[in-house]
file target.cif (mmCIF, C-alpha atoms)
data_target
#
loop_
_atom_site.group_PDB
_atom_site.id
_atom_site.type_symbol
_atom_site.label_atom_id
_atom_site.label_comp_id
_atom_site.auth_asym_id
_atom_site.auth_seq_id
_atom_site.Cartn_x
_atom_site.Cartn_y
_atom_site.Cartn_z
ATOM 1 C CA MET A 747 0.000 0.000 0.000
ATOM 2 C CA ASN A 748 1.349 3.402 -0.931
ATOM 3 C CA LEU A 749 0.553 6.503 1.044
ATOM 4 C CA ILE A 750 0.150 9.328 -1.460
ATOM 5 C CA ARG A 751 0.049 12.974 -0.554
ATOM 6 C CA LEU A 752 -2.299 15.147 -2.585
ATOM 7 C CA LYS A 753 -2.212 18.912 -2.674
ATOM 8 C CA LEU A 754 -5.247 20.933 -3.564
ATOM 9 C CA GLY A 755 -4.172 24.524 -3.082
ATOM 10 C CA ASN A 756 -2.574 24.806 0.350
ATOM 11 C CA PRO A 757 -4.308 21.998 2.315
ATOM 12 C CA ALA A 758 -2.577 18.617 2.378
ATOM 13 C CA LEU A 759 -4.937 15.742 1.672
ATOM 14 C CA TYR A 760 -4.015 12.142 2.377
ATOM 15 C CA PHE A 761 -5.430 8.839 1.322
ATOM 16 C CA ALA A 762 -4.329 5.225 1.103
ATOM 17 C CA ALA A 763 -5.001 3.825 -2.365
ATOM 18 C CA PHE A 764 -4.702 0.243 -3.552
ATOM 19 C CA PHE A 765 -4.509 -0.429 -7.246
ATOM 20 C CA LEU A 766 -6.100 -3.615 -8.466
ATOM 21 C CA SER A 767 -3.030 -4.752 -10.387
ATOM 22 C CA ALA A 768 -2.132 -7.384 -7.788
ATOM 23 C CA ILE A 769 -5.734 -8.555 -7.556
ATOM 24 C CA ILE A 770 -6.122 -8.693 -11.319
ATOM 25 C CA MET A 771 -2.914 -10.702 -11.406
ATOM 26 C CA ILE A 772 -4.493 -13.454 -9.340
ATOM 27 C CA SER A 773 -7.889 -13.532 -10.989
ATOM 28 C CA MET A 774 -8.107 -11.902 -14.412
ATOM 29 C CA PRO A 775 -7.257 -14.944 -16.551
ATOM 30 C CA LEU A 776 -10.203 -16.891 -15.191
ATOM 31 C CA ASN A 777 -12.749 -15.251 -17.478
ATOM 32 C CA THR A 778 -10.839 -16.509 -20.503
ATOM 33 C CA LEU A 779 -10.463 -19.895 -18.890
ATOM 34 C CA ALA A 780 -14.161 -20.157 -18.095
ATOM 35 C CA GLN A 781 -15.049 -19.357 -21.697
ATOM 36 C CA GLU A 782 -12.587 -21.939 -22.994
ATOM 37 C CA THR A 783 -14.069 -24.672 -20.818
ATOM 38 C CA GLU A 784 -17.502 -24.058 -22.336
ATOM 39 C CA GLN A 785 -16.221 -24.957 -25.802
ATOM 40 C CA GLU A 786 -16.859 -28.591 -26.617
ATOM 41 C CA GLU A 787 -13.863 -30.134 -28.315
ATOM 42 C CA GLU A 788 -13.717 -33.792 -29.261
ATOM 43 C CA GLU A 789 -10.354 -35.284 -30.148
ATOM 44 C CA GLU A 790 -9.637 -38.840 -31.193
ATOM 45 C CA GLU A 791 -6.167 -38.903 -29.617
ATOM 46 C CA ASP A 792 -4.932 -37.377 -26.394
ATOM 47 C CA PRO A 793 -2.783 -34.378 -27.442
ATOM 48 C CA TRP A 794 -1.375 -34.120 -23.925
ATOM 49 C CA ALA A 795 0.034 -37.617 -23.696
ATOM 50 C CA ASP A 796 3.654 -36.461 -24.004
ATOM 51 C CA VAL A 797 3.314 -33.042 -22.365
ATOM 52 C CA GLU A 798 4.525 -32.450 -18.821
ATOM 53 C CA PHE A 799 3.940 -29.486 -16.532
ATOM 54 C CA PRO A 800 5.532 -28.664 -13.158
ATOM 55 C CA PHE A 801 2.162 -29.064 -11.414
ATOM 56 C CA SER A 802 0.077 -32.154 -10.820
ATOM 57 C CA ASP A 803 -3.333 -32.493 -12.471
ATOM 58 C CA GLU A 804 -4.941 -32.488 -9.040
ATOM 59 C CA LYS A 805 -3.227 -29.227 -8.116
ATOM 60 C CA LEU A 806 -4.202 -27.614 -11.411
ATOM 61 C CA LEU A 807 -7.850 -28.556 -10.923
ATOM 62 C CA THR A 808 -7.728 -27.211 -7.383
ATOM 63 C CA PHE A 809 -6.329 -23.970 -8.778
ATOM 64 C CA PHE A 810 -9.091 -23.894 -11.373
ATOM 65 C CA ASP A 811 -11.803 -24.270 -8.737
ATOM 66 C CA ALA A 812 -10.270 -21.618 -6.483
ATOM 67 C CA ASN A 813 -9.845 -19.244 -9.396
ATOM 68 C CA GLN A 814 -13.485 -19.651 -10.357
ATOM 69 C CA GLU A 815 -14.451 -18.264 -6.977
ATOM 70 C CA VAL A 816 -11.776 -15.565 -7.048
ATOM 71 C CA SER A 817 -13.004 -14.384 -10.432
ATOM 72 C CA ALA A 818 -16.591 -14.152 -9.189
ATOM 73 C CA LEU A 819 -15.347 -12.221 -6.166
ATOM 74 C CA GLN A 820 -13.401 -9.865 -8.403
ATOM 75 C CA ARG A 821 -16.468 -9.124 -10.515
ATOM 76 C CA SER A 822 -18.601 -8.349 -7.477
ATOM 77 C CA THR A 823 -15.815 -6.198 -6.026
ATOM 78 C CA GLN A 824 -15.484 -4.220 -9.244
ATOM 79 C CA GLU A 825 -19.225 -3.589 -9.207
ATOM 80 C CA ARG A 826 -19.090 -2.513 -5.583
ATOM 81 C CA ILE A 827 -16.225 -0.090 -6.274
ATOM 82 C CA ALA A 828 -18.045 1.385 -9.270
ATOM 83 C CA GLU A 829 -21.185 1.933 -7.177
ATOM 84 C CA THR A 830 -19.121 3.579 -4.438
ATOM 85 C CA THR A 831 -17.271 5.988 -6.747
ATOM 86 C CA GLU A 832 -20.503 6.931 -8.505
ATOM 87 C CA GLN A 833 -21.943 8.043 -5.184
ATOM 88 C CA TYR A 834 -19.275 10.765 -5.237
ATOM 89 C CA GLY A 835 -19.921 11.756 -8.844
ATOM 90 C CA LEU A 836 -16.999 9.791 -10.322
ATOM 91 C CA THR A 837 -17.219 6.984 -12.804
ATOM 92 C CA ARG A 838 -14.919 4.061 -12.136
ATOM 93 C CA GLU A 839 -12.887 5.009 -15.210
ATOM 94 C CA ARG A 840 -12.462 8.567 -13.987
ATOM 95 C CA PHE A 841 -11.497 7.380 -10.521
ATOM 96 C CA ASP A 842 -8.784 5.153 -12.000
ATOM 97 C CA GLN A 843 -7.490 8.007 -14.152
ATOM 98 C CA ILE A 844 -7.129 10.276 -11.121
ATOM 99 C CA ALA A 845 -5.525 7.485 -9.094
ATOM 100 C CA ARG A 846 -2.932 6.868 -11.804
ATOM 101 C CA ALA A 847 -2.216 10.586 -12.057
ATOM 102 C CA ALA A 848 -1.803 10.749 -8.276
ATOM 103 C CA GLN A 849 0.728 7.943 -8.326
ATOM 104 C CA ILE A 850 2.951 9.709 -10.846
ATOM 105 C CA GLY A 851 2.437 13.178 -9.361
ATOM 106 C CA ALA A 852 0.459 14.525 -12.316
ATOM 107 C CA LEU A 853 -2.630 15.790 -10.534
ATOM 108 C CA GLN A 854 -1.749 19.418 -11.121
ATOM 109 C CA ASP A 855 -1.547 19.197 -14.924
ATOM 110 C CA GLY A 856 -5.042 20.596 -15.318
ATOM 111 C CA ALA A 857 -6.650 17.351 -16.467
ATOM 112 C CA PHE A 858 -8.890 17.169 -13.375
ATOM 113 C CA SER A 859 -11.053 19.757 -11.698
ATOM 114 C CA ASN A 860 -10.713 20.642 -8.026
ATOM 115 C CA GLU A 861 -14.137 19.095 -7.460
ATOM 116 C CA GLU A 862 -13.031 15.787 -8.989
ATOM 117 C CA ILE A 863 -9.883 15.695 -6.890
ATOM 118 C CA GLU A 864 -11.863 16.471 -3.755
ATOM 119 C CA ALA A 865 -14.392 13.719 -4.577
ATOM 120 C CA PHE A 866 -11.549 11.321 -5.254
ATOM 121 C CA ASN A 867 -9.918 12.162 -1.952
ATOM 122 C CA GLN A 868 -13.174 11.407 -0.139
ATOM 123 C CA VAL A 869 -13.942 8.121 -1.835
ATOM 124 C CA ALA A 870 -10.407 6.696 -2.080
ATOM 125 C CA PRO A 871 -10.300 5.424 1.547
ATOM 126 C CA GLN A 872 -13.544 3.530 0.950
ATOM 127 C CA VAL A 873 -12.149 1.968 -2.210
ATOM 128 C CA THR A 874 -9.020 1.041 -0.279
ATOM 129 C CA GLN A 875 -11.123 -0.712 2.354
ATOM 130 C CA ILE A 876 -13.110 -2.622 -0.269
ATOM 131 C CA GLN A 877 -9.891 -3.802 -1.872
ATOM 132 C CA ARG A 878 -8.462 -4.820 1.503
ATOM 133 C CA GLU A 879 -11.562 -6.889 2.142
ATOM 134 C CA MET A 880 -11.226 -8.550 -1.251
ATOM 135 C CA GLN A 881 -7.593 -9.436 -0.616
ATOM 136 C CA GLY A 882 -8.560 -11.039 2.675
ATOM 137 C CA MET A 883 -11.365 -12.993 1.036
ATOM 138 C CA VAL A 884 -9.056 -14.182 -1.739
ATOM 139 C CA GLY A 885 -6.765 -15.608 0.927
ATOM 140 C CA MET A 886 -9.705 -17.377 2.559
ATOM 141 C CA ILE A 887 -10.856 -18.862 -0.751
ATOM 142 C CA VAL A 888 -7.408 -20.197 -1.544
ATOM 143 C CA GLU A 889 -7.036 -21.606 1.964
ATOM 144 C CA GLU A 890 -10.419 -23.331 1.756
ATOM 145 C CA HIS A 891 -9.150 -25.152 -1.318
ATOM 146 C CA GLU A 892 -6.148 -26.319 0.686
ATOM 147 C CA MET A 893 -3.650 -24.261 -1.263
ATOM 148 C CA SER A 894 -1.139 -21.736 -0.048
ATOM 149 C CA MET A 895 -1.066 -18.293 -1.612
ATOM 150 C CA GLU A 896 2.447 -19.071 -2.782
ATOM 151 C CA GLU A 897 1.212 -22.162 -4.641
ATOM 152 C CA TYR A 898 -1.694 -20.229 -6.080
ATOM 153 C CA ARG A 899 0.530 -17.393 -7.297
ATOM 154 C CA ASP A 900 3.076 -19.804 -8.750
ATOM 155 C CA ILE A 901 0.423 -21.519 -10.840
ATOM 156 C CA MET A 902 -1.154 -18.187 -11.787
ATOM 157 C CA ASN A 903 2.180 -16.802 -12.969
ATOM 158 C CA ALA A 904 2.769 -19.889 -15.086
ATOM 159 C CA PHE A 905 -0.830 -19.811 -16.264
ATOM 160 C CA ARG A 906 -0.518 -16.224 -17.461
ATOM 161 C CA GLN A 907 2.696 -16.879 -19.350
ATOM 162 C CA ASP A 908 2.034 -20.299 -20.860
ATOM 163 C CA GLN A 909 -0.834 -20.652 -23.317
ATOM 164 C CA GLU A 910 -0.270 -24.403 -23.493
ATOM 165 C CA LEU A 911 -0.819 -24.637 -19.740
ATOM 166 C CA ARG A 912 -4.029 -22.625 -20.044
ATOM 167 C CA GLU A 913 -5.263 -25.004 -22.722
ATOM 168 C CA TYR A 914 -4.297 -27.987 -20.598
ATOM 169 C CA VAL A 915 -6.190 -26.708 -17.560
ATOM 170 C CA SER A 916 -9.225 -26.182 -19.786
ATOM 171 C CA HIS A 917 -8.797 -29.744 -21.022
ATOM 172 C CA LEU A 918 -8.653 -31.069 -17.459
ATOM 173 C CA ALA A 919 -11.775 -29.149 -16.492
ATOM 174 C CA ARG A 920 -13.683 -30.450 -19.512
ATOM 175 C CA GLU A 921 -12.604 -34.026 -18.846
ATOM 176 C CA ARG A 922 -13.628 -33.775 -15.216
ATOM 177 C CA ALA A 923 -17.031 -32.389 -16.210
ATOM 178 C CA ARG A 924 -17.457 -35.178 -18.769
ATOM 179 C CA GLU A 925 -16.512 -37.839 -16.250
ATOM 180 C CA LYS A 926 -18.950 -36.385 -13.745
ATOM 181 C CA ILE A 927 -21.766 -36.575 -16.284
ATOM 182 C CA LEU A 928 -20.877 -40.164 -17.154
ATOM 183 C CA GLU A 929 -20.771 -41.090 -13.478
ATOM 184 C CA GLU A 930 -24.179 -39.527 -12.878
ATOM 185 C CA ARG A 931 -25.607 -41.446 -15.837
ATOM 186 C CA ARG A 932 -24.101 -44.679 -14.535
ATOM 187 C CA ARG A 933 -25.626 -44.152 -11.109
ATOM 188 C CA GLU A 934 -28.982 -43.308 -12.642
ATOM 189 C CA ALA A 935 -28.858 -46.507 -14.697
ATOM 190 C CA GLU A 936 -28.050 -48.498 -11.555
ATOM 191 C CA ARG A 937 -30.963 -46.892 -9.725
ATOM 192 C CA GLN A 938 -33.315 -47.767 -12.550
ATOM 193 C CA LEU A 939 -32.116 -51.362 -12.590
ATOM 194 C CA GLU A 940 -32.561 -51.611 -8.860
ATOM 195 C CA GLU A 941 -36.060 -50.175 -9.143
ATOM 196 C CA GLU A 942 -36.933 -52.677 -11.879
ATOM 197 C CA ARG A 943 -35.651 -55.563 -9.741
ATOM 198 C CA ARG A 944 -37.674 -54.331 -6.786
ATOM 199 C CA GLN A 945 -40.822 -54.122 -8.890
ATOM 200 C CA GLU A 946 -40.260 -57.615 -10.297
ATOM 201 C CA GLU A 947 -39.804 -59.043 -6.787
ATOM 202 C CA GLU A 948 -42.986 -57.343 -5.618
ATOM 203 C CA GLY A 949 -44.808 -58.737 -8.654
ATOM 204 C CA GLU A 950 -43.630 -62.268 -7.859
ATOM 205 C CA GLU A 951 -44.804 -61.939 -4.281
ATOM 206 C CA ASP A 952 -48.252 -60.914 -5.452
#

call {"tool": "encode", "arguments": {"input": "target.cif", "output": "structure tokens"}}
result
Amino acid sequence: MNLIRLKLGNPALYFAAFFLSAIIMISMPLNTLAQETEQEEEEEEDPWADVEFPFSDEKLLTFFDANQEVSALQRSTQERIAETTEQYGLTRERFDQIARAAQIGALQDGAFSNEEIEAFNQVAPQVTQIQREMQGMVGMIVEEHEMSMEEYRDIMNAFRQDQELREYVSHLARERAREKILEERRREAERQLEEERRQEEEGEED
């Protein structure tokens, strides 16, 4: 967290502002991943038979599940931040523009009015708190999936840099979903057979 000092005339205004870069780093790729997993792809041969990654399939699927929740949390957080900034007459885009200018010391270049800077100064602490809460919740989500944040970040870093890994995780997720459907069908077939046997036995008794 950086403590940035803003000057509006003579008064010194302070706020603590988090940028979402770190949060985006741990959740942004999920939207792409979720879309990829919805695409049905049938292949006669396993294209991953000779491919190895530094993470186990189980760990990658755990990451996928955790990242699903993190992505949903990110979306709700973004909406919450937008609603909060709008209460002070700032769109989310305008808020981000002022925040970036504040970080590089460019608030006094005339791009923003005094009213916008004042509104930003008032809402920034609330945005900071929302982002703090999100960071804490991300940690809880990852922990609930029995991963450390270090493991999660390691996979995310690799995931962001390696398209082949992204495709492989999508493949794993599709295969798991397919296997789940097949298992549910198998159980349903067993239930039907059991019901038929029960009805036949009752018919014989009658």

call {"tool": "closest_residue", "arguments": {"input": "target.cif", "among": "A:Met883, A:Leu836, A:Ala828, A:Ala923", "to": "Gln868 (chain A)", "atoms": "all atoms listed in the file"}}
result
A:Leu836

call {"tool": "atom_distance", "arguments": {"input": "target.cif", "atom1": "CA of Ala857 (chain A)", "atom2": "CA of Thr823 (chain A)"}}
result
27.3 Å

call {"tool": "residues_around", "arguments": {"input": "target.cif", "residues": "Ala812 (chain A)", "least_positions_apart": "2", "cutoff": "8 Å", "atoms": "only C-alpha atoms", "output": "list in words"}}
result
Thr808, Phe809, Phe810, Gln814, Glu815, Val816, Ile887, Val888 and His891 of chain A

call {"tool": "resolve_selection", "arguments": {"input": "target.cif", "expression": "the PyMOL selection byres ((chain A and resi 843) around 12)", "output": "count of residues only"}}
result
22

call {"tool": "atom_distance", "arguments": {"input": "target.cif", "atom1": "CA of Glu889 (chain A)", "atom2": "CA of Ile901 (chain A)"}}
result
14.8 Å

call {"tool": "atom_distance", "arguments": {"input": "target.cif", "atom1": "CA of Asp796 (chain A)", "atom2": "CA of Met895 (chain A)"}}
result
29.2 Å

call {"tool": "residues_around", "arguments": {"input": "target.cif", "residues": "Phe801 (chain A)", "least_positions_apart": "4", "cutoff": "10 Å", "atoms": "all atoms listed in the file", "output": "PyMOL selection string"}}
result
chain A and resi 805-806+897+900-901+904+911

call {"tool": "write_last_selection", "arguments": {"input": "target.cif", "atoms": "C-alpha atoms", "output": "short mmCIF file (atom, residue, chain, number, x, y, z; two decimals), in the frame of the given file"}}
result
data_model
loop_
_atom_site.label_atom_id
_atom_site.label_comp_id
_atom_site.auth_asym_id
_atom_site.auth_seq_id
_atom_site.Cartn_x
_atom_site.Cartn_y
_atom_site.Cartn_z
CA LYS A 805 -3.23 -29.23 -8.12
CA LEU A 806 -4.20 -27.61 -11.41
CA GLU A 897 1.21 -22.16 -4.64
CA ASP A 900 3.08 -19.80 -8.75
CA ILE A 901 0.42 -21.52 -10.84
CA ALA A 904 2.77 -19.89 -15.09
CA LEU A 911 -0.82 -24.64 -19.74
#

call {"tool": "closest_residue", "arguments": {"input": "target.cif", "among": "A:Glu934, A:Glu829, A:Asp803, A:Asp792", "to": "Ile876 (chain A)", "atoms": "only C-alpha atoms"}}
result
A:Glu829

call {"tool": "build_atoms", "arguments": {"input": "target.cif", "residues": "region 907-935 of chain A", "atoms": "N, CA and C atoms", "output": "PDB file, keeping the file's coordinate frame"}}
result
ATOM      1  N   GLN A 907       1.600 -16.911 -18.389  1.00  0.00           N
ATOM      2  CA  GLN A 907       2.696 -16.879 -19.350  1.00  0.00           C
ATOM      3  C   GLN A 907       2.668 -18.015 -20.364  1.00  0.00           C
ATOM      4  N   ASP A 908       1.961 -19.078 -20.044  1.00  0.00           N
ATOM      5  CA  ASP A 908       2.034 -20.299 -20.860  1.00  0.00           C
ATOM      6  C   ASP A 908       0.651 -20.637 -21.421  1.00  0.00           C
ATOM      7  N   GLN A 909       0.456 -20.367 -22.699  1.00  0.00           N
ATOM      8  CA  GLN A 909      -0.834 -20.652 -23.317  1.00  0.00           C
ATOM      9  C   GLN A 909      -1.124 -22.149 -23.324  1.00  0.00           C
ATOM     10  N   GLU A 910      -0.084 -22.958 -23.488  1.00  0.00           N
ATOM     11  CA  GLU A 910      -0.270 -24.403 -23.493  1.00  0.00           C
ATOM     12  C   GLU A 910      -0.799 -24.883 -22.146  1.00  0.00           C
ATOM     13  N   LEU A 911      -0.320 -24.277 -21.067  1.00  0.00           N
ATOM     14  CA  LEU A 911      -0.819 -24.637 -19.740  1.00  0.00           C
ATOM     15  C   LEU A 911      -2.272 -24.231 -19.599  1.00  0.00           C
ATOM     16  N   ARG A 912      -2.627 -23.058 -20.106  1.00  0.00           N
ATOM     17  CA  ARG A 912      -4.029 -22.625 -20.044  1.00  0.00           C
ATOM     18  C   ARG A 912      -4.925 -23.614 -20.779  1.00  0.00           C
ATOM     19  N   GLU A 913      -4.470 -24.039 -21.948  1.00  0.00           N
ATOM     20  CA  GLU A 913      -5.263 -25.004 -22.722  1.00  0.00           C
ATOM     21  C   GLU A 913      -5.361 -26.338 -21.990  1.00  0.00           C
ATOM     22  N   TYR A 914      -4.288 -26.706 -21.308  1.00  0.00           N
ATOM     23  CA  TYR A 914      -4.297 -27.987 -20.598  1.00  0.00           C
ATOM     24  C   TYR A 914      -5.256 -27.940 -19.407  1.00  0.00           C
ATOM     25  N   VAL A 915      -5.265 -26.840 -18.685  1.00  0.00           N
ATOM     26  CA  VAL A 915      -6.190 -26.708 -17.560  1.00  0.00           C
ATOM     27  C   VAL A 915      -7.630 -26.756 -18.062  1.00  0.00           C
ATOM     28  N   SER A 916      -7.891 -26.114 -19.197  1.00  0.00           N
ATOM     29  CA  SER A 916      -9.225 -26.182 -19.786  1.00  0.00           C
ATOM     30  C   SER A 916      -9.576 -27.626 -20.144  1.00  0.00           C
ATOM     31  N   HIS A 917      -8.600 -28.334 -20.685  1.00  0.00           N
ATOM     32  CA  HIS A 917      -8.797 -29.744 -21.022  1.00  0.00           C
ATOM     33  C   HIS A 917      -9.133 -30.561 -19.778  1.00  0.00           C
ATOM     34  N   LEU A 918      -8.388 -30.340 -18.706  1.00  0.00           N
ATOM     35  CA  LEU A 918      -8.653 -31.069 -17.459  1.00  0.00           C
ATOM     36  C   LEU A 918     -10.056 -30.787 -16.943  1.00  0.00           C
ATOM     37  N   ALA A 919     -10.455 -29.526 -17.000  1.00  0.00           N
ATOM     38  CA  ALA A 919     -11.775 -29.149 -16.492  1.00  0.00           C
ATOM     39  C   ALA A 919     -12.878 -29.789 -17.330  1.00  0.00           C
ATOM     40  N   ARG A 920     -12.682 -29.814 -18.648  1.00  0.00           N
ATOM     41  CA  ARG A 920     -13.683 -30.450 -19.512  1.00  0.00           C
ATOM     42  C   ARG A 920     -13.784 -31.944 -19.248  1.00  0.00           C
ATOM     43  N   GLU A 921     -12.614 -32.587 -19.094  1.00  0.00           N
ATOM     44  CA  GLU A 921     -12.604 -34.026 -18.846  1.00  0.00           C
ATOM     45  C   GLU A 921     -13.272 -34.353 -17.511  1.00  0.00           C
ATOM     46  N   ARG A 922     -13.003 -33.535 -16.516  1.00  0.00           N
ATOM     47  CA  ARG A 922     -13.628 -33.775 -15.216  1.00  0.00           C
ATOM     48  C   ARG A 922     -15.145 -33.632 -15.309  1.00  0.00           C
ATOM     49  N   ALA A 923     -15.592 -32.590 -16.043  1.00  0.00           N
ATOM     50  CA  ALA A 923     -17.031 -32.389 -16.210  1.00  0.00           C
ATOM     51  C   ALA A 923     -17.653 -33.559 -16.964  1.00  0.00           C
ATOM     52  N   ARG A 924     -16.952 -34.042 -17.999  1.00  0.00           N
ATOM     53  CA  ARG A 924     -17.457 -35.178 -18.769  1.00  0.00           C
ATOM     54  C   ARG A 924     -17.548 -36.434 -17.912  1.00  0.00           C
ATOM     55  N   GLU A 925     -16.521 -36.670 -17.120  1.00  0.00           N
ATOM     56  CA  GLU A 925     -16.512 -37.839 -16.250  1.00  0.00           C
ATOM     57  C   GLU A 925     -17.621 -37.757 -15.200  1.00  0.00           C
ATOM     58  N   LYS A 926     -17.882 -36.560 -14.732  1.00  0.00           N
ATOM     59  CA  LYS A 926     -18.950 -36.385 -13.745  1.00  0.00           C
ATOM     60  C   LYS A 926     -20.307 -36.724 -14.357  1.00  0.00           C
ATOM     61  N   ILE A 927     -20.506 -36.276 -15.595  1.00  0.00           N
ATOM     62  CA  ILE A 927     -21.766 -36.575 -16.284  1.00  0.00           C
ATOM     63  C   ILE A 927     -21.920 -38.073 -16.501  1.00  0.00           C
ATOM     64  N   LEU A 928     -20.832 -38.716 -16.930  1.00  0.00           N
ATOM     65  CA  LEU A 928     -20.877 -40.164 -17.154  1.00  0.00           C
ATOM     66  C   LEU A 928     -21.155 -40.916 -15.857  1.00  0.00           C
ATOM     67  N   GLU A 929     -20.547 -40.449 -14.767  1.00  0.00           N
ATOM     68  CA  GLU A 929     -20.771 -41.090 -13.478  1.00  0.00           C
ATOM     69  C   GLU A 929     -22.225 -40.930 -13.025  1.00  0.00           C
ATOM     70  N   GLU A 930     -22.785 -39.751 -13.248  1.00  0.00           N
ATOM     71  CA  GLU A 930     -24.179 -39.527 -12.878  1.00  0.00           C
ATOM     72  C   GLU A 930     -25.110 -40.409 -13.710  1.00  0.00           C
ATOM     73  N   ARG A 931     -24.790 -40.571 -14.983  1.00  0.00           N
ATOM     74  CA  ARG A 931     -25.607 -41.446 -15.837  1.00  0.00           C
ATOM     75  C   ARG A 931     -25.503 -42.895 -15.381  1.00  0.00           C
ATOM     76  N   ARG A 932     -24.292 -43.305 -15.001  1.00  0.00           N
ATOM     77  CA  ARG A 932     -24.101 -44.679 -14.535  1.00  0.00           C
ATOM     78  C   ARG A 932     -24.914 -44.937 -13.272  1.00  0.00           C
ATOM     79  N   ARG A 933     -24.874 -43.984 -12.347  1.00  0.00           N
ATOM     80  CA  ARG A 933     -25.626 -44.152 -11.109  1.00  0.00           C
ATOM     81  C   ARG A 933     -27.126 -44.166 -11.372  1.00  0.00           C
ATOM     82  N   GLU A 934     -27.566 -43.329 -12.312  1.00  0.00           N
ATOM     83  CA  GLU A 934     -28.982 -43.308 -12.642  1.00  0.00           C
ATOM     84  C   GLU A 934     -29.404 -44.641 -13.250  1.00  0.00           C
ATOM     85  N   ALA A 935     -28.548 -45.206 -14.099  1.00  0.00           N
ATOM     86  CA  ALA A 935     -28.858 -46.507 -14.697  1.00  0.00           C
ATOM     87  C   ALA A 935     -28.928 -47.581 -13.619  1.00  0.00           C
TER      88      ALA A 935
END
